[in-house]
Each structure stands twice: as C-alpha cells, then as structure tokens.
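A.B. asks: Right, I'll just put the structure down here and ask away after.
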Amino acid sequence: MVPEQWSTAFEQRQKAWLRHRAPDLYASLLSWWAHHGRRDVPWRLLPGGRQPGPDDVLPTYPVWVAEVMLQQTRLAVALPFWRRWLDRFPDLASLAAASRQDVLHAWQGLGYYARAQRLHGVATQLAAAKRQLPTDRAGLERLSGLGRTTAASIAATVGNSADPILDGNVRRLLARLLAFPAPPRQATALFWTMVELLLNGRRARDFNQALMDLGALVCRPRAPLCRCCPWQRHCHAYAKGIQQQLPVRPTPTPIPRFVVGVGVVLDRQGKVLIGQRQPDGLLGGLWEFVGGTQEPGETMAATVVRALWQNVGLAVAVGPELLRFDHAYTHRRLSFVVYLCRPVAGDARPVVNQQVVWVWPHDLHRYPFSAAHIRIIQALRERSGQT
Ligand code: SF4
C-alpha cells in the first residue's frame, strides 16, 4: 500500500529532495543511456545516419510526423509507418498536395485517425500561407494537435532546446522515483516542475530521449527491471518495495459496450457496397460497410435491415452471418455481428455517409478503412478464397 498521503508539505519535501539529487540523477541517466539507450531512431539522426552534435539542427518535418505518430503508439509500432509515410510524403509540400484519402490510406492500421487529419490540415494551412513548420516550442504548440509535451519533444529533438517533456513513460518513472501517492495526472503542474528541476535549463535532446528510454525499457508498466536501473539507489518506490503498485491508478470509469449489426451488401454482379464517413468526428473520412447499433428488443437481422434503410435508403435481405468479433476503442467497446446481404429494393444513396459506392471486392484495398472493417474485408476474402 502507498503509505503517505499527498499534501502540500509532501510536495515541498519532494521538490527539495529532487533539487538535491538532480545532478546525480541527470548524470547517471545520461551515462546509462550512452550504453543502453535507443540511439538509432532514424528521425533523431542527421541525414546519412550520423549522431547529431549538440549544435546540430535536425530537419523538422520527419520529427514532427514521428512525434505525432508516437502520441498514442509505441516506437516499434510507429517506425515502419513512419518509414512508409516519409517515402510517400517526403516533405511538407508533398503532404499538403496529397488528397485526404491518400493521407488516411497511408495512416491505415495506426489508429486514432484524427492525428493524420491534423497533420494534413497543418500542412495545407502552412503551404497556403507559404510558411514552414516552426521549430520553437511556443510556435509548435500553436499547431493543431500539439500539446506541450509533443511540442517540447519536437523542439528539443530538432534544435536541442531546453524543453523537458512529460509523457506517460516519464510520469510513471517519476511517480515511482518519488513514490507518489496519487494518480500522476492529478499533479501535472508538480510533475512539470520535477522534470524542469532535473533538466535544470540544459539542452534536452539526449535527456528527453534518455528519460523516455528508461521509462520504456527499464521502468516498464509491469515488472520494472529495477536491478538494471541507474536510479535504483535513489528510488523511493524500490526502497519501499512498492514499485509494482505505482503509479496509483485513477478510479476506472466503466466503458460502455454496444452491439453493432453490419451488412456486407453484394449486388448481382458481385460488387460490394461501402460508404465514406463524414470528414469530421470519429474515424472521419474513412470507408466502412454500412451498419448500426442494435436497439433494445431488436434482432440483429432487424438492426442490419434498419441501418441500411436509414443510412443509404436500401432495402436488403439478410443472408448468412459472415463473422462476429469485439473491438475496443478508447471510450467504448463494440461487438460487431456481420451479415452478407443482397439488395431487394431502392438505390443506395448517401444519407448519413458523405458518399456511397459499389466496388469490386478486389478493389477494396484502394480505400482507407478502420481496423475493425479491415477484419471484415479479410473475412470476405477468406470466404471467396482470396488471401
Ligand atoms: Fe523504476 Fe525500479 Fe528504477 Fe525505481 S528502481 S525508477 S521502480 S526501474
């Protein structure tokens, strides 16, 4: 159990302690990072692959793309997406000139598609104004979708500025170092003070990366590797044997669950009906098979019939079930039940979607879909013998 309650006096003691230990924490962290850190991350290297020196300036665009990808994605997952993105949109001008659909297609599989739309929106706005990406934290924070941590991380990576970061890894690390007795997000201002004390106005490129690497590789969410940790002798949580219990988690809010009926409608030729979501809102601009949420007392087949009639003005006959699966989003869980259908009356038209089209199943890969609907495409391919 966490033994001490968070109070103003506790904060003052922690700040004094950290101020005293900061020089050693800083030095031991960078020493550890020199041997064990992730020093080959491509957007943190100079063109040609050399490590940057303290006065080198890195290109902003690749760092900006990478940091937005990393907002909700681990580095190992983001890396291949980043490489493909840079091949497809190598600079701000090529991104600004791309269509929304091409941008979403390049992001497909990475999730949280609003990030791709914001990258595209910023690129088009800057191109229209004939401006480049800013390189300082304040200028970056004014761009859509960039909070203090992402802006600071870009500024420090590009120009080695004195901007510390505070992402989820760093919060967890500090919460354990201090044996912080409350959820870290309840003390964001204090945690920013802590990283500022640690950095102490020095240049932050290596320091920020070292903090993130220590959090990701050693002070891991589960089973922290305390025996390998350069901060072990300073760590309050380790000394008290409570590192597995920290950080304190906020009381979880219940996540609602919905059942969604989806119709994969195939016409006489074998073409399949898909609709494009409106540009704004969740999964905006992505394509989908038409469906709707089951209402109380409704059978799944009735849900599919109603959804297709309401959303695209098409009457359908519901055929065999294609698949069912669960898919979790941040704030809700969806259970999908997917049926093959055939049209019996009406012409499909966009009522809820911005457009609807009939396409050959082998052309579905040309359209950007969310992860849930990619599962449906895969099931459709397996059923028809395609791989
Ligand atoms: Fe995290 Fe363990 Fe290091 Fe403490 S000693 S900072 S709990 S890895």
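Every chain in the structure tokens has a letter given in the order shown (A, B, ...), and although residue numbers restart at 1 in each chain, ligands are simply numbered from 1 in the order shown.
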What's around Ile255 (chain A) at 7 Å? Count only C-alpha atoms, leave out sequence neighbours fewer than 3 positions away in its own chain, and write the answer as an mmCIF file with C-alpha atoms, in the first residue's frame.
C.D. replies:
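Contents of result-v7.cif, as written:
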data_model
loop_
_atom_site.group_PDB
_atom_site.id
_atom_site.type_symbol
_atom_site.label_atom_id
_atom_site.label_comp_id
_atom_site.auth_asym_id
_atom_site.auth_seq_id
_atom_site.Cartn_x
_atom_site.Cartn_y
_atom_site.Cartn_z
ATOM 1 C CA HIS A 331 -14.066 5.043 -24.586
ATOM 2 C CA ARG A 332 -16.282 2.203 -25.746
ATOM 3 C CA ARG A 333 -16.311 -1.448 -26.714
#
A.B. asks: Please identify every polymer residue within 12 Å of ligand 1, using only C-alpha atoms and all ligand atoms, and present the set as JSON, numbers by chain.
C.D. replies: {"A": [25, 28, 29, 32, 169, 170, 171, 172, 173, 174, 175, 176, 177, 178, 179, 180, 211, 212, 213, 214, 215, 216, 217, 218, 219, 220, 221, 222, 223, 224, 225, 226, 227, 228, 229, 230, 231, 232, 233, 234, 235, 236, 237, 238, 239, 240, 241, 242, 243, 244, 245, 246, 247]}
A.B. asks: Next, dump the selected residues to file, keeping only C-alpha atoms, as an mmCIF file, in the first residue's frame.
C.D. replies:
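For reference, selection36.cif as written:
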data_model
loop_
_atom_site.group_PDB
_atom_site.id
_atom_site.type_symbol
_atom_site.label_atom_id
_atom_site.label_comp_id
_atom_site.auth_asym_id
_atom_site.auth_seq_id
_atom_site.Cartn_x
_atom_site.Cartn_y
_atom_site.Cartn_z
ATOM 1 C CA LEU A 25 20.059 11.654 -11.395
ATOM 2 C CA SER A 28 23.540 8.639 -14.106
ATOM 3 C CA LEU A 29 20.659 8.761 -16.578
ATOM 4 C CA TRP A 32 23.061 4.699 -18.728
ATOM 5 C CA ASN A 169 6.586 6.922 -19.545
ATOM 6 C CA VAL A 170 8.065 9.896 -17.715
ATOM 7 C CA ARG A 171 5.039 10.227 -15.417
ATOM 8 C CA ARG A 172 5.336 6.578 -14.423
ATOM 9 C CA LEU A 173 9.084 6.868 -13.866
ATOM 10 C CA LEU A 174 8.759 9.957 -11.664
ATOM 11 C CA ALA A 175 5.768 8.552 -9.788
ATOM 12 C CA ARG A 176 7.913 5.565 -8.788
ATOM 13 C CA LEU A 177 11.073 7.570 -8.123
ATOM 14 C CA LEU A 178 9.100 9.743 -5.692
ATOM 15 C CA ALA A 179 6.680 7.016 -4.516
ATOM 16 C CA PHE A 180 3.992 9.499 -5.455
ATOM 17 C CA LEU A 211 14.035 9.651 -19.901
ATOM 18 C CA MET A 212 11.679 8.060 -22.426
ATOM 19 C CA ASP A 213 14.016 5.104 -22.936
ATOM 20 C CA LEU A 214 14.419 4.488 -19.219
ATOM 21 C CA GLY A 215 10.628 4.531 -18.828
ATOM 22 C CA ALA A 216 10.013 2.286 -21.827
ATOM 23 C CA LEU A 217 12.884 -0.196 -21.418
ATOM 24 C CA VAL A 218 13.536 -0.408 -17.652
ATOM 25 C CA CYS A 219 10.800 1.247 -15.584
ATOM 26 C CA ARG A 220 8.196 -0.643 -17.583
ATOM 27 C CA PRO A 221 4.481 -0.547 -16.768
ATOM 28 C CA ARG A 222 4.588 -4.117 -15.472
ATOM 29 C CA ALA A 223 7.615 -5.803 -13.935
ATOM 30 C CA PRO A 224 10.088 -2.881 -13.854
ATOM 31 C CA LEU A 225 13.706 -4.050 -14.221
ATOM 32 C CA CYS A 226 14.965 -2.353 -11.068
ATOM 33 C CA ARG A 227 18.197 -4.371 -10.996
ATOM 34 C CA CYS A 228 19.230 -2.650 -14.287
ATOM 35 C CA CYS A 229 18.072 0.830 -13.294
ATOM 36 C CA PRO A 230 20.552 3.700 -12.926
ATOM 37 C CA TRP A 231 18.155 5.356 -10.462
ATOM 38 C CA GLN A 232 17.700 2.348 -8.181
ATOM 39 C CA ARG A 233 19.630 3.787 -5.235
ATOM 40 C CA HIS A 234 17.525 6.978 -5.380
ATOM 41 C CA CYS A 235 14.149 5.335 -5.943
ATOM 42 C CA HIS A 236 11.598 5.666 -3.138
ATOM 43 C CA ALA A 237 9.289 3.036 -4.600
ATOM 44 C CA TYR A 238 12.136 0.493 -4.856
ATOM 45 C CA ALA A 239 13.270 1.235 -1.296
ATOM 46 C CA LYS A 240 9.750 0.599 -0.040
ATOM 47 C CA GLY A 241 9.168 -2.403 -2.303
ATOM 48 C CA ILE A 242 6.057 -0.819 -3.828
ATOM 49 C CA GLN A 243 7.243 -0.254 -7.404
ATOM 50 C CA GLN A 244 4.686 -2.752 -8.761
ATOM 51 C CA GLN A 245 1.851 -0.808 -7.105
ATOM 52 C CA LEU A 246 2.806 2.542 -8.644
ATOM 53 C CA PRO A 247 1.770 4.738 -10.250
#
A.B. asks: Identify, on the basis of only C-alpha atoms, every residue whose closest approach to Gly292 (chain A) does not exceed 10 Å; exclude the query and any residue fewer than 6 positions from it along the same chain; express the result as a PyMOL selection string.
C.D. replies: chain A and resi 258-263+300+303-308+310-311+336
A.B. asks: Generate a file of the selected residues that holds N, CA and C atoms, formatted as a PDB file, in the first residue's frame.
C.D. replies:
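Result file follows (selection-v3.pdb):
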ATOM      1  N   PHE A 258     -21.493  -1.667 -26.885  1.00  0.00           N
ATOM      2  CA  PHE A 258     -22.597  -1.627 -27.839  1.00  0.00           C
ATOM      3  C   PHE A 258     -22.461  -2.798 -28.807  1.00  0.00           C
ATOM      4  N   VAL A 259     -23.606  -3.276 -29.271  1.00  0.00           N
ATOM      5  CA  VAL A 259     -23.618  -4.323 -30.296  1.00  0.00           C
ATOM      6  C   VAL A 259     -23.971  -3.660 -31.627  1.00  0.00           C
ATOM      7  N   VAL A 260     -23.156  -3.908 -32.637  1.00  0.00           N
ATOM      8  CA  VAL A 260     -23.327  -3.260 -33.938  1.00  0.00           C
ATOM      9  C   VAL A 260     -23.604  -4.323 -34.998  1.00  0.00           C
ATOM     10  N   GLY A 261     -24.701  -4.159 -35.715  1.00  0.00           N
ATOM     11  CA  GLY A 261     -25.002  -5.044 -36.844  1.00  0.00           C
ATOM     12  C   GLY A 261     -24.505  -4.394 -38.127  1.00  0.00           C
ATOM     13  N   VAL A 262     -23.772  -5.176 -38.937  1.00  0.00           N
ATOM     14  CA  VAL A 262     -23.188  -4.642 -40.179  1.00  0.00           C
ATOM     15  C   VAL A 262     -23.660  -5.498 -41.348  1.00  0.00           C
ATOM     16  N   GLY A 263     -24.013  -4.854 -42.451  1.00  0.00           N
ATOM     17  CA  GLY A 263     -24.400  -5.570 -43.661  1.00  0.00           C
ATOM     18  C   GLY A 263     -23.352  -5.429 -44.748  1.00  0.00           C
ATOM     19  N   MET A 300     -30.653  -9.011 -34.466  1.00  0.00           N
ATOM     20  CA  MET A 300     -29.504  -8.493 -35.216  1.00  0.00           C
ATOM     21  C   MET A 300     -29.870  -8.261 -36.679  1.00  0.00           C
ATOM     22  N   THR A 303     -31.679  -5.097 -37.032  1.00  0.00           N
ATOM     23  CA  THR A 303     -30.760  -3.950 -36.923  1.00  0.00           C
ATOM     24  C   THR A 303     -30.112  -3.659 -38.274  1.00  0.00           C
ATOM     25  N   VAL A 304     -29.673  -4.718 -38.943  1.00  0.00           N
ATOM     26  CA  VAL A 304     -28.988  -4.546 -40.239  1.00  0.00           C
ATOM     27  C   VAL A 304     -29.955  -3.973 -41.272  1.00  0.00           C
ATOM     28  N   VAL A 305     -31.162  -4.505 -41.309  1.00  0.00           N
ATOM     29  CA  VAL A 305     -32.160  -4.008 -42.269  1.00  0.00           C
ATOM     30  C   VAL A 305     -32.448  -2.530 -42.001  1.00  0.00           C
ATOM     31  N   ARG A 306     -32.683  -2.188 -40.747  1.00  0.00           N
ATOM     32  CA  ARG A 306     -32.980  -0.790 -40.405  1.00  0.00           C
ATOM     33  C   ARG A 306     -31.815   0.127 -40.749  1.00  0.00           C
ATOM     34  N   ALA A 307     -30.576  -0.305 -40.400  1.00  0.00           N
ATOM     35  CA  ALA A 307     -29.405   0.550 -40.628  1.00  0.00           C
ATOM     36  C   ALA A 307     -29.225   0.834 -42.121  1.00  0.00           C
ATOM     37  N   LEU A 308     -29.402  -0.184 -42.935  1.00  0.00           N
ATOM     38  CA  LEU A 308     -29.199   0.030 -44.375  1.00  0.00           C
ATOM     39  C   LEU A 308     -30.298   0.919 -44.957  1.00  0.00           C
ATOM     40  N   GLN A 310     -32.069   3.242 -43.247  1.00  0.00           N
ATOM     41  CA  GLN A 310     -31.904   4.601 -42.739  1.00  0.00           C
ATOM     42  C   GLN A 310     -30.654   5.282 -43.303  1.00  0.00           C
ATOM     43  N   ASN A 311     -29.571   4.527 -43.431  1.00  0.00           N
ATOM     44  CA  ASN A 311     -28.286   5.158 -43.774  1.00  0.00           C
ATOM     45  C   ASN A 311     -28.061   5.331 -45.266  1.00  0.00           C
ATOM     46  N   PHE A 336     -19.208  -6.493 -32.991  1.00  0.00           N
ATOM     47  CA  PHE A 336     -19.706  -6.474 -34.370  1.00  0.00           C
ATOM     48  C   PHE A 336     -20.298  -7.833 -34.730  1.00  0.00           C
TER      49      PHE A 336
END
A.B. asks: Taking 6 positions as the minimum chain separation for residues in the same chain, which residues sit within 9 Å of Asn200 (chain A) when counting only C-alpha atoms? Answer as a list in words.
C.D. replies: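 With the cut-off at 9 Å, the set is Ala22, Pro23 and Ala162 of chain A.
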A.B. asks: Could you save the residues just selected, with C-alpha atoms, as a PDB file, in the first residue's frame?
C.D. replies:
ATOM      1  CA  ALA A  22      19.088  16.221  -9.591  1.00  0.00           C
ATOM      2  CA  PRO A  23      22.794  16.416 -10.558  1.00  0.00           C
ATOM      3  CA  ALA A 162      15.991  23.316 -23.176  1.00  0.00           C
TER       4      ALA A 162
END
A.B. asks: With distances taken over only C-alpha atoms, which residue among A:Met194, A:Ala379, A:Val356, A:Leu286 lies nearest Gln117 (chain A)?
C.D. replies: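 Ranked by minimum distance to Gln117 (chain A), first place goes to A:Leu286.
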A.B. asks: Give me, as an NGL selection string, all polymer residues having an atom no more than 8 Å from His120 (chain A), counting only C-alpha atoms and skipping those fewer than 6 positions away in the same chain.
C.D. replies: :A and (95-96 or 100 or 103)
A.B. asks: Would you kindly return, as a ChimeraX atom specification, each protein, DNA or RNA residue with an atom no farther than 10 Å from any atom of region 37-42 of chain A, considering only C-alpha atoms and excluding same-chain residues fewer than 2 positions away?
C.D. replies: /A:29-35,44-51,62-63,66,75-76,79,82-83,206,209-214,217
A.B. asks: Please dump the current selection as an mmCIF file, in the first residue's frame; keep C-alpha atoms.
C.D. replies:
data_model
loop_
_atom_site.group_PDB
_atom_site.id
_atom_site.type_symbol
_atom_site.label_atom_id
_atom_site.label_comp_id
_atom_site.auth_asym_id
_atom_site.auth_seq_id
_atom_site.Cartn_x
_atom_site.Cartn_y
_atom_site.Cartn_z
ATOM 1 C CA LEU A 29 20.659 8.761 -16.578
ATOM 2 C CA LEU A 30 22.822 10.020 -19.448
ATOM 3 C CA SER A 31 25.574 7.564 -18.597
ATOM 4 C CA TRP A 32 23.061 4.699 -18.728
ATOM 5 C CA TRP A 33 21.613 5.999 -21.984
ATOM 6 C CA ALA A 34 25.046 6.187 -23.662
ATOM 7 C CA HIS A 35 25.301 2.385 -23.291
ATOM 8 C CA ARG A 44 16.938 11.626 -34.307
ATOM 9 C CA LEU A 45 19.944 11.193 -36.605
ATOM 10 C CA LEU A 46 21.477 13.542 -39.136
ATOM 11 C CA PRO A 47 20.863 12.767 -42.825
ATOM 12 C CA GLY A 48 23.346 9.990 -43.557
ATOM 13 C CA GLY A 49 22.798 8.376 -40.149
ATOM 14 C CA ARG A 50 25.344 10.265 -38.004
ATOM 15 C CA GLN A 51 24.611 11.095 -34.376
ATOM 16 C CA PRO A 62 10.358 13.979 -40.118
ATOM 17 C CA VAL A 63 10.479 14.706 -36.382
ATOM 18 C CA ALA A 66 7.205 10.889 -35.859
ATOM 19 C CA LEU A 75 8.014 3.375 -31.090
ATOM 20 C CA ALA A 76 8.392 -0.150 -32.509
ATOM 21 C CA LEU A 79 8.629 3.027 -37.004
ATOM 22 C CA TRP A 82 6.948 6.471 -40.337
ATOM 23 C CA ARG A 83 9.248 4.986 -42.998
ATOM 24 C CA ASP A 206 19.582 13.476 -25.223
ATOM 25 C CA GLN A 209 15.258 10.586 -25.137
ATOM 26 C CA ALA A 210 17.046 9.050 -22.157
ATOM 27 C CA LEU A 211 14.035 9.651 -19.901
ATOM 28 C CA MET A 212 11.679 8.060 -22.426
ATOM 29 C CA ASP A 213 14.016 5.104 -22.936
ATOM 30 C CA LEU A 214 14.419 4.488 -19.219
ATOM 31 C CA LEU A 217 12.884 -0.196 -21.418
#
A.B. asks: Given only C-alpha atoms, how would the per-residue table for region 175-274 of chain A near region 143-154 of chain A read, listing every residue at most 10 Å away with its closest atom pair and distance in Å to one decimal, sorted by chain and number, as a Markdown table?
C.D. replies:
| residue | atom | partner | partner_atom | distance |
| --- | --- | --- | --- | --- |
| A:Trp192 | CA | A:Thr149 | CA | 9.9 |
| A:Ala204 | CA | A:Ser153 | CA | 8.6 |
| A:Arg205 | CA | A:Ser153 | CA | 7.9 |
| A:Asn208 | CA | A:Ser153 | CA | 7.3 |
| A:Gln209 | CA | A:Ser153 | CA | 8.7 |
A.B. asks: To one decimal place in Å, what is the distance between CA of Gly275 (chain A) and CA of His373 (chain A)?
C.D. replies: 11.5 Å
A.B. asks: Going by DSSP on the backbone, which bits of region 44-293 of chain A are helix (DSSP H, G or I)? Write them as a PyMOL selection string, please.
C.D. replies: chain A and resi 44+60-69+75-88+92-97+100-107+114-128+137-141+148-159+168-177+184-199+205-218+226-228+232-234+236-240+243-245
